[in-house]
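Chemist: Have a peek at start34.cif (mmCIF, N, CA and C atoms).
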data_target
loop_
_atom_site.label_atom_id
_atom_site.label_comp_id
_atom_site.auth_asym_id
_atom_site.auth_seq_id
_atom_site.Cartn_x
_atom_site.Cartn_y
_atom_site.Cartn_z
N MET J 304 10.15 -11.17 15.51
CA MET J 304 9.59 -10.22 14.58
C MET J 304 9.24 -8.93 15.30
N THR J 305 9.50 -7.82 14.64
CA THR J 305 9.13 -6.52 15.18
C THR J 305 7.81 -6.11 14.56
N ASN J 306 6.90 -5.67 15.37
CA ASN J 306 5.62 -5.19 14.87
C ASN J 306 5.27 -3.95 15.66
N SER J 307 5.65 -2.80 15.13
CA SER J 307 5.38 -1.57 15.86
C SER J 307 4.84 -0.52 14.92
N LEU J 308 3.85 0.22 15.40
CA LEU J 308 3.28 1.30 14.63
C LEU J 308 4.31 2.39 14.46
N LYS J 309 4.48 2.84 13.24
CA LYS J 309 5.42 3.91 12.95
C LYS J 309 4.73 4.92 12.05
N VAL J 310 5.17 6.16 12.15
CA VAL J 310 4.70 7.22 11.26
C VAL J 310 5.92 8.07 10.90
N ILE J 311 6.38 7.98 9.64
CA ILE J 311 7.51 8.79 9.19
C ILE J 311 7.10 9.68 8.02
N SER J 312 5.88 9.53 7.60
CA SER J 312 5.31 10.28 6.49
C SER J 312 3.86 10.52 6.89
N PRO J 313 3.01 10.94 5.97
CA PRO J 313 1.59 11.07 6.35
C PRO J 313 0.93 9.73 6.68
N LEU J 314 1.63 8.62 6.40
CA LEU J 314 1.01 7.30 6.51
C LEU J 314 1.52 6.51 7.70
N ALA J 315 0.60 5.87 8.42
CA ALA J 315 0.95 4.99 9.53
C ALA J 315 1.20 3.59 8.97
N TYR J 316 2.16 2.89 9.56
CA TYR J 316 2.48 1.54 9.09
C TYR J 316 3.11 0.74 10.21
N ASP J 317 3.12 -0.57 10.03
CA ASP J 317 3.84 -1.48 10.90
C ASP J 317 5.08 -1.95 10.16
N ASP J 318 6.13 -2.26 10.89
CA ASP J 318 7.39 -2.72 10.31
C ASP J 318 7.69 -4.08 10.91
N ILE J 319 7.57 -5.12 10.09
CA ILE J 319 7.65 -6.50 10.56
C ILE J 319 8.75 -7.23 9.79
N GLY J 320 9.65 -7.88 10.49
CA GLY J 320 10.65 -8.74 9.86
C GLY J 320 11.77 -7.99 9.18
N ARG J 321 12.59 -8.78 8.48
CA ARG J 321 13.74 -8.26 7.74
C ARG J 321 13.88 -9.07 6.46
N GLY J 322 14.54 -8.47 5.48
CA GLY J 322 14.81 -9.16 4.24
C GLY J 322 14.31 -8.39 3.04
N ALA J 323 14.85 -8.75 1.91
CA ALA J 323 14.49 -8.07 0.66
C ALA J 323 13.92 -9.10 -0.31
N PRO J 324 13.04 -8.65 -1.18
CA PRO J 324 12.52 -7.29 -1.28
C PRO J 324 11.55 -6.99 -0.14
N ALA J 325 11.34 -5.70 0.11
CA ALA J 325 10.33 -5.30 1.09
C ALA J 325 8.95 -5.55 0.49
N VAL J 326 8.00 -5.94 1.32
CA VAL J 326 6.63 -6.19 0.87
C VAL J 326 5.74 -5.11 1.48
N LEU J 327 5.20 -4.25 0.64
CA LEU J 327 4.32 -3.17 1.09
C LEU J 327 2.88 -3.62 0.89
N LEU J 328 2.14 -3.76 1.98
CA LEU J 328 0.76 -4.22 1.95
C LEU J 328 -0.17 -3.01 2.03
N ILE J 329 -0.98 -2.81 0.99
CA ILE J 329 -1.84 -1.63 0.90
C ILE J 329 -3.30 -2.07 0.89
N PRO J 330 -4.07 -1.69 1.91
CA PRO J 330 -5.49 -2.03 1.93
C PRO J 330 -6.30 -1.15 0.98
N GLY J 331 -7.53 -1.55 0.72
CA GLY J 331 -8.43 -0.75 -0.09
C GLY J 331 -9.08 0.35 0.73
N TYR J 332 -9.90 1.14 0.07
CA TYR J 332 -10.62 2.21 0.75
C TYR J 332 -11.50 1.63 1.85
N CYS J 333 -11.61 2.35 2.94
CA CYS J 333 -12.43 1.99 4.11
C CYS J 333 -11.93 0.74 4.82
N GLU J 334 -10.70 0.35 4.57
CA GLU J 334 -10.06 -0.75 5.29
C GLU J 334 -8.79 -0.20 5.91
N ASP J 335 -8.17 -0.95 6.79
CA ASP J 335 -6.89 -0.50 7.34
C ASP J 335 -5.87 -1.64 7.32
N ARG J 336 -4.67 -1.31 7.71
CA ARG J 336 -3.56 -2.26 7.60
C ARG J 336 -3.77 -3.52 8.43
N GLU J 337 -4.64 -3.46 9.43
CA GLU J 337 -4.87 -4.62 10.28
C GLU J 337 -5.49 -5.80 9.53
N MET J 338 -6.07 -5.55 8.37
CA MET J 338 -6.62 -6.65 7.58
C MET J 338 -5.52 -7.63 7.15
N TYR J 339 -4.27 -7.15 7.16
CA TYR J 339 -3.14 -7.97 6.72
C TYR J 339 -2.40 -8.64 7.88
N THR J 340 -2.88 -8.56 9.09
CA THR J 340 -2.13 -9.03 10.26
C THR J 340 -1.59 -10.45 10.09
N ASP J 341 -2.43 -11.38 9.72
CA ASP J 341 -1.99 -12.78 9.62
C ASP J 341 -0.94 -12.98 8.54
N VAL J 342 -1.20 -12.48 7.35
CA VAL J 342 -0.26 -12.66 6.25
C VAL J 342 1.03 -11.88 6.51
N ALA J 343 0.94 -10.71 7.14
CA ALA J 343 2.14 -9.93 7.44
C ALA J 343 3.06 -10.69 8.39
N ASN J 344 2.49 -11.32 9.39
CA ASN J 344 3.30 -12.09 10.32
C ASN J 344 3.94 -13.31 9.65
N LEU J 345 3.23 -13.96 8.75
CA LEU J 345 3.80 -15.09 8.01
C LEU J 345 4.94 -14.63 7.10
N LEU J 346 4.69 -13.57 6.33
CA LEU J 346 5.72 -13.06 5.41
C LEU J 346 6.92 -12.49 6.16
N GLY J 347 6.67 -11.96 7.37
CA GLY J 347 7.74 -11.36 8.16
C GLY J 347 8.84 -12.33 8.56
N ALA J 348 8.58 -13.61 8.46
CA ALA J 348 9.62 -14.60 8.75
C ALA J 348 10.72 -14.59 7.68
N ARG J 349 10.41 -14.01 6.51
CA ARG J 349 11.36 -14.04 5.40
C ARG J 349 11.65 -12.67 4.80
N PHE J 350 10.71 -11.75 4.93
CA PHE J 350 10.83 -10.44 4.29
C PHE J 350 10.58 -9.32 5.28
N ARG J 351 10.99 -8.12 4.91
CA ARG J 351 10.53 -6.93 5.63
C ARG J 351 9.14 -6.62 5.10
N VAL J 352 8.16 -6.54 5.98
CA VAL J 352 6.77 -6.38 5.59
C VAL J 352 6.24 -5.09 6.20
N LEU J 353 5.58 -4.28 5.37
CA LEU J 353 5.13 -2.96 5.79
C LEU J 353 3.65 -2.76 5.48
N PRO J 354 2.76 -3.28 6.34
CA PRO J 354 1.34 -2.98 6.17
C PRO J 354 1.13 -1.48 6.43
N THR J 355 0.49 -0.79 5.50
CA THR J 355 0.41 0.67 5.56
C THR J 355 -1.02 1.15 5.38
N ASP J 356 -1.46 2.05 6.25
CA ASP J 356 -2.79 2.64 6.12
C ASP J 356 -2.81 3.67 5.01
N LEU J 357 -3.92 3.76 4.31
CA LEU J 357 -4.12 4.82 3.33
C LEU J 357 -4.27 6.17 4.05
N LEU J 358 -4.01 7.23 3.34
CA LEU J 358 -4.26 8.57 3.84
C LEU J 358 -5.71 8.68 4.32
N GLY J 359 -5.92 9.27 5.50
CA GLY J 359 -7.26 9.44 6.02
C GLY J 359 -7.85 8.21 6.68
N HIS J 360 -7.09 7.15 6.79
CA HIS J 360 -7.56 5.90 7.37
C HIS J 360 -6.77 5.56 8.63
N ASN J 361 -7.47 5.05 9.63
CA ASN J 361 -6.88 4.51 10.85
C ASN J 361 -5.83 5.46 11.43
N GLY J 362 -4.56 5.06 11.48
CA GLY J 362 -3.51 5.87 12.10
C GLY J 362 -2.87 6.90 11.21
N SER J 363 -3.22 6.95 9.95
CA SER J 363 -2.61 7.91 9.02
C SER J 363 -3.19 9.31 9.19
N SER J 364 -2.49 10.28 8.65
CA SER J 364 -2.95 11.67 8.70
C SER J 364 -4.32 11.81 8.06
N ARG J 365 -5.10 12.73 8.60
CA ARG J 365 -6.43 13.02 8.07
C ARG J 365 -6.43 14.45 7.55
N PRO J 366 -6.45 14.61 6.23
CA PRO J 366 -6.49 15.97 5.69
C PRO J 366 -7.73 16.73 6.19
N GLU J 367 -7.59 18.03 6.34
CA GLU J 367 -8.70 18.85 6.84
C GLU J 367 -9.77 19.08 5.78
N THR J 368 -9.42 18.89 4.51
CA THR J 368 -10.38 19.08 3.43
C THR J 368 -10.52 17.76 2.67
N ASP J 369 -11.48 17.72 1.77
CA ASP J 369 -11.64 16.53 0.93
C ASP J 369 -10.35 16.26 0.17
N PHE J 370 -10.10 14.99 -0.11
CA PHE J 370 -8.93 14.62 -0.88
C PHE J 370 -9.32 13.52 -1.84
N CYS J 371 -8.46 13.30 -2.83
CA CYS J 371 -8.76 12.29 -3.85
C CYS J 371 -7.54 11.42 -4.09
N THR J 372 -7.60 10.64 -5.14
CA THR J 372 -6.53 9.70 -5.47
C THR J 372 -5.19 10.38 -5.61
N ASP J 373 -5.16 11.58 -6.17
CA ASP J 373 -3.88 12.29 -6.34
C ASP J 373 -3.18 12.49 -5.00
N GLU J 374 -3.91 12.88 -3.98
CA GLU J 374 -3.31 13.08 -2.66
C GLU J 374 -2.87 11.75 -2.04
N ILE J 375 -3.63 10.71 -2.29
CA ILE J 375 -3.25 9.39 -1.77
C ILE J 375 -1.95 8.93 -2.44
N ILE J 376 -1.85 9.10 -3.74
CA ILE J 376 -0.62 8.73 -4.46
C ILE J 376 0.55 9.55 -3.94
N GLU J 377 0.35 10.85 -3.76
CA GLU J 377 1.43 11.70 -3.24
C GLU J 377 1.86 11.25 -1.85
N SER J 378 0.92 10.84 -1.01
CA SER J 378 1.29 10.38 0.33
C SER J 378 2.16 9.12 0.25
N PHE J 379 1.89 8.25 -0.72
CA PHE J 379 2.73 7.05 -0.88
C PHE J 379 4.09 7.41 -1.48
N ARG J 380 4.14 8.40 -2.35
CA ARG J 380 5.45 8.86 -2.85
C ARG J 380 6.32 9.30 -1.67
N GLN J 381 5.75 10.12 -0.79
CA GLN J 381 6.49 10.60 0.39
C GLN J 381 6.88 9.43 1.29
N HIS J 382 5.96 8.52 1.47
CA HIS J 382 6.19 7.36 2.33
C HIS J 382 7.36 6.51 1.81
N LEU J 383 7.33 6.18 0.54
CA LEU J 383 8.38 5.34 -0.03
C LEU J 383 9.72 6.06 -0.06
N LYS J 384 9.71 7.35 -0.29
CA LYS J 384 10.95 8.12 -0.24
C LYS J 384 11.55 8.08 1.16
N ALA J 385 10.72 8.25 2.17
CA ALA J 385 11.20 8.23 3.56
C ALA J 385 11.73 6.85 3.96
N LEU J 386 11.13 5.79 3.44
CA LEU J 386 11.56 4.43 3.78
C LEU J 386 12.87 4.03 3.10
N GLU J 387 13.20 4.68 2.00
CA GLU J 387 14.45 4.41 1.26
C GLU J 387 14.60 2.93 0.89
N LEU J 388 13.54 2.34 0.35
CA LEU J 388 13.57 0.93 -0.04
C LEU J 388 14.14 0.79 -1.45
N LYS J 389 14.98 -0.21 -1.65
CA LYS J 389 15.57 -0.42 -2.97
C LYS J 389 14.67 -1.28 -3.87
N GLU J 390 14.08 -2.31 -3.29
CA GLU J 390 13.20 -3.22 -4.03
C GLU J 390 11.91 -3.43 -3.25
N ILE J 391 10.80 -3.31 -3.96
CA ILE J 391 9.50 -3.38 -3.30
C ILE J 391 8.56 -4.30 -4.08
N VAL J 392 7.84 -5.13 -3.35
CA VAL J 392 6.70 -5.86 -3.89
C VAL J 392 5.47 -5.19 -3.31
N LEU J 393 4.57 -4.70 -4.17
CA LEU J 393 3.33 -4.09 -3.73
C LEU J 393 2.23 -5.13 -3.72
N VAL J 394 1.50 -5.21 -2.61
CA VAL J 394 0.35 -6.10 -2.51
C VAL J 394 -0.85 -5.19 -2.23
N THR J 395 -1.85 -5.25 -3.12
CA THR J 395 -2.99 -4.35 -3.02
C THR J 395 -4.30 -5.11 -2.97
N VAL J 396 -5.31 -4.44 -2.44
CA VAL J 396 -6.67 -4.98 -2.39
C VAL J 396 -7.61 -3.94 -2.97
N ALA J 397 -8.55 -4.40 -3.77
CA ALA J 397 -9.64 -3.57 -4.29
C ALA J 397 -9.11 -2.30 -4.97
N HIS J 398 -9.63 -1.14 -4.56
CA HIS J 398 -9.28 0.11 -5.22
C HIS J 398 -7.81 0.48 -5.10
N ALA J 399 -7.11 -0.10 -4.15
CA ALA J 399 -5.68 0.17 -4.03
C ALA J 399 -4.92 -0.38 -5.23
N GLY J 400 -5.57 -1.23 -6.04
CA GLY J 400 -4.93 -1.72 -7.26
C GLY J 400 -4.53 -0.59 -8.20
N TRP J 401 -5.37 0.44 -8.26
CA TRP J 401 -5.04 1.61 -9.10
C TRP J 401 -3.79 2.30 -8.56
N LEU J 402 -3.70 2.40 -7.26
CA LEU J 402 -2.53 3.00 -6.63
C LEU J 402 -1.27 2.20 -6.98
N GLY J 403 -1.38 0.87 -6.89
CA GLY J 403 -0.25 0.02 -7.24
C GLY J 403 0.21 0.22 -8.67
N LEU J 404 -0.74 0.30 -9.59
CA LEU J 404 -0.38 0.54 -11.00
C LEU J 404 0.33 1.87 -11.18
N GLN J 405 -0.18 2.91 -10.55
CA GLN J 405 0.44 4.23 -10.69
C GLN J 405 1.84 4.25 -10.08
N LEU J 406 2.01 3.66 -8.93
CA LEU J 406 3.33 3.61 -8.31
C LEU J 406 4.32 2.83 -9.16
N ARG J 407 3.86 1.76 -9.78
CA ARG J 407 4.74 0.99 -10.68
C ARG J 407 5.16 1.83 -11.87
N LYS J 408 4.21 2.58 -12.43
CA LYS J 408 4.54 3.47 -13.56
C LYS J 408 5.60 4.50 -13.16
N GLU J 409 5.45 5.05 -11.98
CA GLU J 409 6.34 6.12 -11.54
C GLU J 409 7.70 5.61 -11.05
N LEU J 410 7.70 4.50 -10.36
CA LEU J 410 8.93 4.03 -9.72
C LEU J 410 9.67 2.98 -10.53
N GLY J 411 9.04 2.49 -11.59
CA GLY J 411 9.70 1.56 -12.50
C GLY J 411 10.26 0.34 -11.82
N GLU J 412 11.54 0.09 -12.05
CA GLU J 412 12.17 -1.15 -11.60
C GLU J 412 12.34 -1.25 -10.09
N GLN J 413 12.09 -0.18 -9.36
CA GLN J 413 12.10 -0.27 -7.89
C GLN J 413 10.97 -1.19 -7.41
N ILE J 414 9.87 -1.24 -8.20
CA ILE J 414 8.76 -2.14 -7.91
C ILE J 414 9.06 -3.45 -8.63
N VAL J 415 9.47 -4.47 -7.89
CA VAL J 415 9.87 -5.74 -8.50
C VAL J 415 8.72 -6.73 -8.59
N GLY J 416 7.59 -6.39 -7.99
CA GLY J 416 6.42 -7.25 -8.06
C GLY J 416 5.17 -6.47 -7.69
N LEU J 417 4.06 -6.88 -8.30
CA LEU J 417 2.77 -6.23 -8.02
C LEU J 417 1.72 -7.31 -7.93
N VAL J 418 1.04 -7.38 -6.78
CA VAL J 418 0.05 -8.43 -6.52
C VAL J 418 -1.29 -7.76 -6.25
N TRP J 419 -2.33 -8.23 -6.94
CA TRP J 419 -3.70 -7.78 -6.67
C TRP J 419 -4.43 -8.94 -6.02
N LEU J 420 -4.86 -8.76 -4.78
CA LEU J 420 -5.56 -9.83 -4.08
C LEU J 420 -7.04 -9.88 -4.45
N ASP J 421 -7.62 -8.74 -4.68
CA ASP J 421 -9.03 -8.64 -5.01
C ASP J 421 -9.12 -7.41 -5.90
N TRP J 422 -9.30 -7.58 -7.15
CA TRP J 422 -9.12 -6.44 -8.03
C TRP J 422 -10.38 -5.64 -8.28
N LEU J 423 -10.17 -4.38 -8.38
CA LEU J 423 -11.10 -3.42 -8.95
C LEU J 423 -10.22 -2.56 -9.85
N VAL J 424 -9.48 -3.25 -10.68
CA VAL J 424 -8.47 -2.59 -11.51
C VAL J 424 -8.94 -2.48 -12.95
N THR J 425 -9.68 -3.45 -13.40
CA THR J 425 -10.14 -3.43 -14.78
C THR J 425 -11.60 -2.98 -14.83
N GLU J 426 -12.03 -2.61 -16.00
CA GLU J 426 -13.42 -2.21 -16.21
C GLU J 426 -14.33 -3.42 -15.96
N PRO J 427 -15.40 -3.24 -15.18
CA PRO J 427 -16.32 -4.36 -14.96
C PRO J 427 -16.98 -4.81 -16.26
N THR J 428 -17.36 -6.07 -16.31
CA THR J 428 -18.06 -6.58 -17.49
C THR J 428 -19.46 -5.97 -17.56
N PRO J 429 -20.09 -5.97 -18.74
CA PRO J 429 -21.43 -5.40 -18.85
C PRO J 429 -22.44 -6.06 -17.89
N LYS J 430 -22.21 -7.34 -17.57
CA LYS J 430 -23.10 -8.05 -16.66
C LYS J 430 -23.12 -7.39 -15.27
N PHE J 431 -22.03 -6.73 -14.90
CA PHE J 431 -21.92 -6.06 -13.61
C PHE J 431 -22.99 -4.97 -13.47
N PHE J 432 -23.29 -4.28 -14.58
CA PHE J 432 -24.23 -3.18 -14.56
C PHE J 432 -25.65 -3.69 -14.71
#
Could the structure of this file be written out as structure tokens, please?
Modeler:
Amino acid sequence: MTNSLKVISPLAYDDIGRGAPAVLLIPGYCEDREMYTDVANLLGARFRVLPTDLLGHNGSSRPETDFCTDEIIESFRQHLKALELKEIVLVTVAHAGWLGLQLRKELGEQIVGLVWLDWLVTEPTPKFF
């Protein structure tokens, strides 16, 4: 398995294994791609696995000014375009679930699967407040 830090867009990522579909692992805010180390190595035996840092996190570019979800989504658009992947399974944690939904809306059938490991995707129940 190959596990090497790469930067071809504003986002840093590791490239592990080979095979389709590619599995893009996206951490939540204030986390980095290293949270996926164990699962990435397991999945890498069968798939190409791409744990990727969010914009402004760990090895990814750090904008000089404040940024929001729009800039994070744009950074993933650039990232996926540079990777030239035909089929992608997105695996997200926490707030990255919103990113996964938006990317699925935009990229359509290129996203062949979407997994939420820990969701903050739906509105919390009233008990939450």
Chemist: On this structure, the PyMOL selection byres ((chain J and resi 397-404) around 6) would catch which residues? List them as a PyMOL selection string, sorted by chain and number.
Modeler: chain J and resi 329-332+395-396+405-408+420-424
Chemist: DSSP on the backbone: which residues in range 309-364 of chain J end up as helix (DSSP H, G or I)? Give the answer as a list of chain:residue names.
Modeler: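 Those residues are J:Arg336, J:Glu337, J:Met338, J:Tyr339, J:Thr340, J:Asp341, J:Val342, J:Ala343, J:Asn344, J:Leu345, J:Leu346.
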Chemist: Might you pull out every residue within 5 Å of range 411-418 of chain J, with all atoms listed in the file counted and same-chain residues fewer than 4 positions away left off, and present them as a PyMOL selection string?
Modeler: chain J and resi 389-395+407
Chemist: Please produce a file of the residues just selected, as a PDB file, in the coordinates of the input, where the atoms kept are N, CA and C atoms.
Modeler:
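Saved as out38.pdb:
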ATOM      1  N   LYS J 389      14.980  -0.210  -1.650  1.00  0.00           N
ATOM      2  CA  LYS J 389      15.570  -0.420  -2.970  1.00  0.00           C
ATOM      3  C   LYS J 389      14.670  -1.280  -3.870  1.00  0.00           C
ATOM      4  N   GLU J 390      14.080  -2.310  -3.290  1.00  0.00           N
ATOM      5  CA  GLU J 390      13.200  -3.220  -4.030  1.00  0.00           C
ATOM      6  C   GLU J 390      11.910  -3.430  -3.250  1.00  0.00           C
ATOM      7  N   ILE J 391      10.800  -3.310  -3.960  1.00  0.00           N
ATOM      8  CA  ILE J 391       9.500  -3.380  -3.300  1.00  0.00           C
ATOM      9  C   ILE J 391       8.560  -4.300  -4.080  1.00  0.00           C
ATOM     10  N   VAL J 392       7.840  -5.130  -3.350  1.00  0.00           N
ATOM     11  CA  VAL J 392       6.700  -5.860  -3.890  1.00  0.00           C
ATOM     12  C   VAL J 392       5.470  -5.190  -3.310  1.00  0.00           C
ATOM     13  N   LEU J 393       4.570  -4.700  -4.170  1.00  0.00           N
ATOM     14  CA  LEU J 393       3.330  -4.090  -3.730  1.00  0.00           C
ATOM     15  C   LEU J 393       2.230  -5.130  -3.720  1.00  0.00           C
ATOM     16  N   VAL J 394       1.500  -5.210  -2.610  1.00  0.00           N
ATOM     17  CA  VAL J 394       0.350  -6.100  -2.510  1.00  0.00           C
ATOM     18  C   VAL J 394      -0.850  -5.190  -2.230  1.00  0.00           C
ATOM     19  N   THR J 395      -1.850  -5.250  -3.120  1.00  0.00           N
ATOM     20  CA  THR J 395      -2.990  -4.350  -3.020  1.00  0.00           C
ATOM     21  C   THR J 395      -4.300  -5.110  -2.970  1.00  0.00           C
ATOM     22  N   ARG J 407       3.860   1.760  -9.780  1.00  0.00           N
ATOM     23  CA  ARG J 407       4.740   0.990 -10.680  1.00  0.00           C
ATOM     24  C   ARG J 407       5.160   1.830 -11.870  1.00  0.00           C
TER      25      ARG J 407
END
Chemist: Using Å and a single decimal, report how far CA of Pro354 in chain J sits from atom C of Tyr316 in chain J.
Modeler: 5.8 Å
Chemist: Kindly give the distance, in Å, that separates atom C of Phe350 in chain J and atom N of Ser378 in chain J, rounded to a single decimal.
Modeler: 23.2 Å
Chemist: May I ask for the distance between atom N of Thr340 in chain J and atom N of His382 in chain J, given in Å to one decimal place?
Modeler: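 We find that atom N of Thr340 in chain J and atom N of His382 in chain J lie 20.7 Å from each other.
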Chemist: Run the PyMOL selection byres ((chain J and resi 336) around 5) on the file and write out the hits as a ChimeraX atom specification.
Modeler: /J:334-335,337-339,354-356
Chemist: Between J:Ile376, J:Leu314, J:Arg351, J:Asp341, which one has atoms that come closest to Leu327 in chain J, using all atoms listed in the file?
Modeler: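 Using all atoms listed in the file, Leu327 in chain J sits closest to J:Arg351.
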Chemist: For range 333-341 of chain J, write all heavy atoms out as an mmCIF file, in the first residue's frame.
Modeler:
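What ended up in part-v4.cif:
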data_model
loop_
_atom_site.group_PDB
_atom_site.id
_atom_site.type_symbol
_atom_site.label_atom_id
_atom_site.label_comp_id
_atom_site.auth_asym_id
_atom_site.auth_seq_id
_atom_site.Cartn_x
_atom_site.Cartn_y
_atom_site.Cartn_z
ATOM 1 N N CYS J 333 -12.161 20.768 12.776
ATOM 2 C CA CYS J 333 -11.194 20.627 13.876
ATOM 3 C C CYS J 333 -10.634 19.215 13.997
ATOM 4 O O CYS J 333 -10.091 18.838 15.032
ATOM 5 C CB CYS J 333 -11.792 21.097 15.204
ATOM 6 S SG CYS J 333 -12.326 22.817 15.160
ATOM 7 N N GLU J 334 -10.781 18.421 12.956
ATOM 8 C CA GLU J 334 -10.174 17.093 12.901
ATOM 9 C C GLU J 334 -9.297 17.053 11.657
ATOM 10 O O GLU J 334 -9.364 17.949 10.816
ATOM 11 C CB GLU J 334 -11.251 16.009 12.808
ATOM 12 C CG GLU J 334 -12.150 15.961 14.029
ATOM 13 C CD GLU J 334 -13.252 14.934 13.899
ATOM 14 O OE1 GLU J 334 -14.023 15.003 12.937
ATOM 15 O OE2 GLU J 334 -13.326 14.067 14.779
ATOM 16 N N ASP J 335 -8.481 16.034 11.516
ATOM 17 C CA ASP J 335 -7.693 15.911 10.294
ATOM 18 C C ASP J 335 -7.770 14.480 9.759
ATOM 19 O O ASP J 335 -8.362 13.599 10.384
ATOM 20 C CB ASP J 335 -6.251 16.373 10.503
ATOM 21 C CG ASP J 335 -5.495 15.538 11.518
ATOM 22 O OD1 ASP J 335 -5.595 14.294 11.474
ATOM 23 O OD2 ASP J 335 -4.786 16.125 12.345
ATOM 24 N N ARG J 336 -7.171 14.288 8.617
ATOM 25 C CA ARG J 336 -7.280 13.005 7.913
ATOM 26 C C ARG J 336 -6.709 11.845 8.708
ATOM 27 O O ARG J 336 -7.038 10.691 8.462
ATOM 28 C CB ARG J 336 -6.616 13.104 6.544
ATOM 29 C CG ARG J 336 -5.126 13.243 6.579
ATOM 30 C CD ARG J 336 -4.532 13.474 5.192
ATOM 31 N NE ARG J 336 -3.097 13.482 5.232
ATOM 32 C CZ ARG J 336 -2.357 14.495 5.667
ATOM 33 N NH1 ARG J 336 -2.935 15.601 6.098
ATOM 34 N NH2 ARG J 336 -1.042 14.405 5.687
ATOM 35 N N GLU J 337 -5.844 12.118 9.672
ATOM 36 C CA GLU J 337 -5.228 11.050 10.457
ATOM 37 C C GLU J 337 -6.244 10.280 11.299
ATOM 38 O O GLU J 337 -5.974 9.151 11.706
ATOM 39 C CB GLU J 337 -4.110 11.618 11.311
ATOM 40 C CG GLU J 337 -2.954 12.104 10.460
ATOM 41 C CD GLU J 337 -1.875 12.816 11.250
ATOM 42 O OE1 GLU J 337 -1.870 12.711 12.495
ATOM 43 O OE2 GLU J 337 -1.040 13.469 10.613
ATOM 44 N N MET J 338 -7.416 10.843 11.522
ATOM 45 C CA MET J 338 -8.446 10.124 12.268
ATOM 46 C C MET J 338 -8.877 8.854 11.531
ATOM 47 O O MET J 338 -9.425 7.944 12.126
ATOM 48 C CB MET J 338 -9.661 11.020 12.540
ATOM 49 C CG MET J 338 -10.458 11.373 11.293
ATOM 50 S SD MET J 338 -12.011 12.204 11.654
ATOM 51 C CE MET J 338 -12.976 10.834 12.244
ATOM 52 N N TYR J 339 -8.619 8.819 10.222
ATOM 53 C CA TYR J 339 -9.029 7.687 9.388
ATOM 54 C C TYR J 339 -7.907 6.672 9.161
ATOM 55 O O TYR J 339 -8.071 5.753 8.358
ATOM 56 C CB TYR J 339 -9.486 8.192 8.020
ATOM 57 C CG TYR J 339 -10.819 8.885 7.995
ATOM 58 C CD1 TYR J 339 -10.903 10.236 7.683
ATOM 59 C CD2 TYR J 339 -11.998 8.193 8.228
ATOM 60 C CE1 TYR J 339 -12.137 10.873 7.612
ATOM 61 C CE2 TYR J 339 -13.227 8.822 8.166
ATOM 62 C CZ TYR J 339 -13.286 10.159 7.857
ATOM 63 O OH TYR J 339 -14.500 10.786 7.777
ATOM 64 N N THR J 340 -6.773 6.802 9.805
ATOM 65 C CA THR J 340 -5.609 5.966 9.504
ATOM 66 C C THR J 340 -5.937 4.473 9.480
ATOM 67 O O THR J 340 -5.626 3.771 8.511
ATOM 68 C CB THR J 340 -4.463 6.243 10.497
ATOM 69 O OG1 THR J 340 -4.078 7.616 10.348
ATOM 70 C CG2 THR J 340 -3.276 5.345 10.231
ATOM 71 N N ASP J 341 -6.562 3.970 10.515
ATOM 72 C CA ASP J 341 -6.831 2.521 10.589
ATOM 73 C C ASP J 341 -7.778 2.060 9.492
ATOM 74 O O ASP J 341 -7.509 1.078 8.797
ATOM 75 C CB ASP J 341 -7.386 2.140 11.959
ATOM 76 C CG ASP J 341 -6.357 2.291 13.071
ATOM 77 O OD1 ASP J 341 -5.145 2.327 12.777
ATOM 78 O OD2 ASP J 341 -6.770 2.391 14.242
#
